[in-house]
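Undergrad: My file is structure11.txt. It has compact mmCIF, C-alpha atoms:
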# COMPACT_ATOMS: atom_id res chain seq x y z
CA MET A 24 46.42 72.28 -19.43
CA THR A 25 47.24 69.71 -22.12
CA THR A 26 44.85 69.11 -25.00
CA GLN A 27 43.89 65.77 -23.46
CA GLY A 28 43.37 67.44 -20.08
CA LEU A 29 41.28 70.07 -21.83
CA HIS A 30 39.04 67.39 -23.37
CA ASP A 31 38.67 65.68 -20.00
CA HIS A 32 37.12 68.90 -18.69
CA LEU A 33 34.95 69.66 -21.74
CA ARG A 34 31.21 69.71 -21.11
CA ILE A 35 28.64 70.14 -23.86
CA HIS A 36 25.20 71.46 -22.94
CA GLU A 37 22.07 72.13 -24.94
CA GLY A 38 20.67 75.66 -24.77
CA GLY A 39 22.16 78.61 -22.94
CA LEU A 40 21.36 81.42 -25.35
CA GLU A 41 20.66 83.76 -22.44
CA HIS A 42 24.18 83.41 -20.94
CA PRO A 43 26.27 86.60 -21.37
CA ALA A 44 29.29 84.67 -22.69
CA VAL A 45 27.09 82.95 -25.30
CA ILE A 46 25.53 86.26 -26.34
CA ALA A 47 29.04 87.72 -26.76
CA LEU A 48 30.23 84.73 -28.85
CA VAL A 49 27.14 84.91 -31.10
CA ARG A 50 27.81 88.63 -31.63
CA GLN A 51 31.48 87.93 -32.39
CA HIS A 52 30.43 85.22 -34.87
CA LEU A 53 28.10 87.63 -36.67
CA ALA A 54 30.74 90.39 -36.73
CA SER A 55 33.35 88.01 -38.15
CA ALA A 56 30.96 86.79 -40.84
CA ALA A 57 30.17 90.40 -41.78
CA GLU A 58 33.89 91.24 -41.88
CA HIS A 59 34.68 88.47 -44.37
CA SER A 60 31.52 88.32 -46.52
CA PRO A 61 29.20 90.78 -48.23
CA PRO A 62 25.83 91.16 -46.42
CA GLU A 63 23.91 89.01 -48.92
CA SER A 64 26.38 86.16 -48.34
CA VAL A 65 26.21 86.14 -44.52
CA HIS A 66 24.20 83.12 -43.36
CA ALA A 67 25.21 83.17 -39.68
CA LEU A 68 22.28 83.19 -37.27
CA GLY A 69 21.67 85.83 -34.63
CA LEU A 70 20.21 85.13 -31.19
CA GLU A 71 16.55 85.22 -32.26
CA ARG A 72 17.07 82.90 -35.24
CA LEU A 73 19.01 80.48 -33.02
CA ARG A 74 15.79 80.09 -31.00
CA GLN A 75 13.68 78.96 -33.97
CA PRO A 76 11.71 75.70 -33.80
CA GLY A 77 13.55 72.71 -35.23
CA LEU A 78 16.96 74.06 -34.22
CA ARG A 79 18.98 72.64 -31.32
CA PHE A 80 21.72 74.89 -29.96
CA PHE A 81 24.74 73.59 -28.00
CA THR A 82 27.60 75.14 -26.07
CA ALA A 83 30.93 73.61 -25.08
CA TRP A 84 32.50 74.66 -21.78
CA VAL A 85 35.88 74.15 -20.14
CA GLY A 86 35.37 74.93 -16.50
CA ASP A 87 33.43 78.20 -16.39
CA GLU A 88 34.72 79.34 -19.78
CA LEU A 89 32.69 79.13 -22.98
CA ALA A 90 34.82 77.29 -25.51
CA ALA A 91 32.52 76.89 -28.52
CA MET A 92 28.98 76.82 -29.85
CA GLY A 93 27.09 75.12 -32.64
CA ALA A 94 23.61 74.12 -33.70
CA VAL A 95 21.74 71.43 -35.59
CA LYS A 96 18.71 72.36 -37.68
CA ARG A 97 16.41 69.81 -39.26
CA ILE A 98 15.84 70.86 -42.88
CA ALA A 99 14.04 67.69 -44.03
CA ALA A 100 12.85 64.53 -42.34
CA ASP A 101 16.23 62.87 -42.95
CA HIS A 102 18.55 65.87 -43.45
CA ALA A 103 20.16 68.15 -40.85
CA GLU A 104 22.10 71.36 -41.31
CA LEU A 105 24.93 72.39 -39.00
CA LYS A 106 24.73 76.09 -38.10
CA SER A 107 26.68 78.69 -36.15
CA MET A 108 29.79 76.66 -35.42
CA ARG A 109 32.21 78.98 -33.64
CA THR A 110 35.13 78.43 -31.28
CA ALA A 111 36.06 81.13 -28.79
CA ASP A 112 39.43 82.70 -29.64
CA ALA A 113 41.15 81.34 -26.51
CA PHE A 114 40.21 77.76 -27.47
CA GLN A 115 40.96 77.74 -31.20
CA ARG A 116 43.14 74.97 -32.60
CA ARG A 117 42.87 72.90 -29.44
CA GLY A 118 40.44 70.22 -30.62
CA ILE A 119 37.32 71.83 -29.15
CA ALA A 120 35.62 72.36 -32.53
CA ALA A 121 36.26 68.72 -33.44
CA ALA A 122 34.71 67.53 -30.17
CA LEU A 123 31.66 69.73 -30.67
CA LEU A 124 31.31 68.70 -34.33
CA HIS A 125 31.45 65.05 -33.29
CA HIS A 126 28.64 65.74 -30.79
CA LEU A 127 26.50 67.62 -33.34
CA LEU A 128 26.79 64.76 -35.84
CA HIS A 129 25.59 62.32 -33.18
CA VAL A 130 22.67 64.62 -32.35
CA ALA A 131 21.71 64.76 -36.04
CA ALA A 132 21.85 60.97 -36.30
CA ASP A 133 19.79 60.61 -33.11
CA MET A 134 17.20 62.92 -34.71
CA GLY A 135 16.82 60.30 -37.46
CA CYS A 136 18.80 62.18 -40.09
CA VAL A 137 20.95 60.28 -42.57
CA ARG A 138 22.69 63.35 -44.02
CA ALA A 139 24.27 66.45 -42.52
CA SER A 140 25.14 69.52 -44.58
CA LEU A 141 26.55 72.95 -43.88
CA GLU A 142 27.45 76.25 -45.51
CA THR A 143 30.68 78.06 -44.74
CA GLY A 144 32.74 80.81 -46.28
CA SER A 145 35.01 80.37 -49.29
CA MET A 146 37.61 82.93 -48.18
CA ALA A 147 40.97 82.19 -46.55
CA ALA A 148 39.61 83.06 -43.09
CA PHE A 149 37.32 80.01 -43.35
CA ALA A 150 40.05 77.57 -44.49
CA PRO A 151 40.53 76.05 -41.00
CA ALA A 152 36.77 75.36 -40.78
CA ARG A 153 36.69 73.77 -44.24
CA ALA A 154 39.70 71.61 -43.31
CA LEU A 155 37.97 70.47 -40.11
CA TYR A 156 34.81 69.54 -41.99
CA ALA A 157 36.84 67.66 -44.62
CA ARG A 158 38.59 65.67 -41.85
CA PHE A 159 35.11 64.62 -40.70
CA GLY A 160 34.18 63.35 -44.16
CA PHE A 161 32.33 66.38 -45.49
CA VAL A 162 32.70 66.99 -49.22
CA GLU A 163 31.73 70.01 -51.27
CA CYS A 164 28.25 69.84 -52.75
CA ALA A 165 25.76 71.93 -54.68
CA PRO A 166 23.78 74.50 -52.70
CA PHE A 167 20.99 72.92 -50.64
CA GLY A 168 17.85 74.29 -49.01
CA ASP A 169 17.58 78.05 -49.58
CA TYR A 170 21.26 78.50 -50.51
CA ARG A 171 22.18 79.62 -54.03
CA LEU A 172 25.45 79.56 -55.95
CA ASP A 173 27.60 82.25 -54.36
CA PRO A 174 31.35 82.84 -54.77
CA TYR A 175 31.55 83.62 -51.03
CA SER A 176 29.96 80.34 -49.92
CA VAL A 177 30.96 76.69 -49.90
CA CYS A 178 28.33 74.02 -49.21
CA MET A 179 29.48 70.68 -47.83
CA THR A 180 27.67 67.45 -46.96
CA ARG A 181 28.19 63.92 -45.63
CA ARG A 182 26.17 60.84 -44.86
CA LEU A 183 25.68 59.96 -41.21
Take the structure in this file and express it as structure tokens.
TA:
Amino acid sequence: MTTQGLHDHLRIHEGGLEHPAVIALVRQHLASAAEHSPPESVHALGLERLRQPGLRFFTAWVGDELAAMGAVKRIAADHAELKSMRTADAFQRRGIAAALLHHLLHVAADMGCVRASLETGSMAAFAPARALYARFGFVECAPFGDYRLDPYSVCMTRRL
């Protein structure tokens, strides 16, 4: 399937944390974060924290296959944080993350937010994610919310 054909079949849904494929991707996301960051620098959310009030969780599907996940969390009346962005291995570097990020930014704007921020890793394994966020206009910023200066973290933000 071409990348364009892939996007024609992409469906984004809200919720789905009980689906076995979603549970597996959340666990993979947590394991990857733990592999590349010390425990005190892991800010990825597990299943229970993805169910917290004020957080909207989304999944992207191609046919019956889970392609990606991500969430939007309101952290102030006009400020949203993007959380738990992860693309399934089989769908990496095929434009799925960009499509989901585009959707999450629209959700944040529809929530009345004028700024979206995120935290990601500073290590080489996170370079593709940082490059994606930069393509969408995110720039590095000081830590926000409960984040603190950390050599393993990069905070980024953009206006909506």
Undergrad: Between A:His102, A:Arg181, A:Arg79, A:Arg109, which one has atoms that come closest to A:Gly39, using all atoms listed in the file?
TA: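 Ranking A:His102, A:Arg181, A:Arg79, A:Arg109 by distance to A:Gly39, first place goes to A:Arg79.
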Undergrad: Closest to A:Met108 among A:Glu88, A:Glu63, A:Asp133, A:Glu142, using only C-alpha atoms?
TA: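 Residue with the minimum atom-to-atom distance to A:Met108: A:Glu142.
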Undergrad: Could you check the closest approach to A:Phe114 for each of A:Val45, A:Cys164, A:Leu33, A:Leu183 and tell me which residue wins, using only C-alpha atoms?
TA: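 Nearest candidate to A:Phe114 out of A:Val45, A:Cys164, A:Leu33, A:Leu183: A:Leu33.
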Undergrad: Using only C-alpha atoms, which residues sit within 10 Å of A:Ala120 once same-chain residues fewer than 2 positions away are excluded, as a PyMOL selection string?
TA: chain A and resi 83+90-93+108-111+114-118+122-126+152+155-156
Undergrad: For A:Gly144, find every residue with an atom within 6 Å (counting only C-alpha atoms), except residues of its own chain fewer than 4 positions away, and show them as a PDB file with C-alpha atoms, keeping the file's coordinate frame.
TA:
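Okay, this is what ended up in part10.pdb:
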ATOM      1  CA  PHE A 149      37.320  80.010 -43.350  1.00  0.00           C
ATOM      2  CA  TYR A 175      31.550  83.620 -51.030  1.00  0.00           C
ATOM      3  CA  SER A 176      29.960  80.340 -49.920  1.00  0.00           C
ATOM      4  CA  VAL A 177      30.960  76.690 -49.900  1.00  0.00           C
TER       5      VAL A 177
END
Undergrad: When you count only C-alpha atoms, which of these residues is closest to A:Ala44: A:Asp87, A:Val162, A:Phe167, A:Thr143?
TA: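 Smallest separation from A:Ala44 among the options: A:Asp87.
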Undergrad: Give me, please, the distance in Å between atom CA of A:Leu128 and atom CA of A:Leu73, quoted to one decimal.
TA: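 Going from atom CA of A:Leu128 over to atom CA of A:Leu73 covers 17.8 Å.
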Undergrad: Can you pull out every residue within 8 Å of stretch 98-101 of chain A, counting only C-alpha atoms, but drop anything in the same chain fewer than 3 positions away, and send it as a PDB file with C-alpha atoms, in the frame of the given file?
TA:
ATOM      1  CA  GLU A 104      22.100  71.360 -41.310  1.00  0.00           C
ATOM      2  CA  GLY A 135      16.820  60.300 -37.460  1.00  0.00           C
ATOM      3  CA  CYS A 136      18.800  62.180 -40.090  1.00  0.00           C
ATOM      4  CA  VAL A 137      20.950  60.280 -42.570  1.00  0.00           C
ATOM      5  CA  ARG A 138      22.690  63.350 -44.020  1.00  0.00           C
ATOM      6  CA  GLY A 168      17.850  74.290 -49.010  1.00  0.00           C
TER       7      GLY A 168
END
Undergrad: Check the smallest atom-to-atom distance from each of A:Ala47, A:Ala165, A:Ala54, A:Leu127 to A:Lys96 using only C-alpha atoms, then report the winner.
TA: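 That would be A:Leu127, the residue with the smallest distance to A:Lys96.
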Undergrad: Give me, please, the distance in Å between atom CA of A:Val85 and atom CA of A:Met134, quoted to one decimal.
TA: 26.2 Å
Undergrad: Atom CA of A:Gly38 and atom CA of A:Arg158, how far apart in Å?
TA: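 Separating atom CA of A:Arg158 from atom CA of A:Gly38 is a distance of 26.7 Å.
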Undergrad: Contacts of A:Ser107 at 9 Å or less, counting all atoms listed in the file, minus same-chain residues fewer than 4 places along, as a tab-separated table (two decimals) with C-alpha atoms, in the frame of the given file?
TA:
chain	number	residue	atom	x	y	z
A	49	VAL	CA	27.14	84.91	-31.10
A	52	HIS	CA	30.43	85.22	-34.87
A	66	HIS	CA	24.20	83.12	-43.36
A	67	ALA	CA	25.21	83.17	-39.68
A	68	LEU	CA	22.28	83.19	-37.27
A	69	GLY	CA	21.67	85.83	-34.63
A	73	LEU	CA	19.01	80.48	-33.02
A	80	PHE	CA	21.72	74.89	-29.96
A	92	MET	CA	28.98	76.82	-29.85
A	93	GLY	CA	27.09	75.12	-32.64
A	94	ALA	CA	23.61	74.12	-33.70
A	95	VAL	CA	21.74	71.43	-35.59
Undergrad: When distances are computed from all atoms listed in the file, which of A:Thr82, A:Ser140, A:Ser64, A:Gln75 shows the smallest separation from A:Leu172?
TA: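 Nearest to A:Leu172: A:Ser64.
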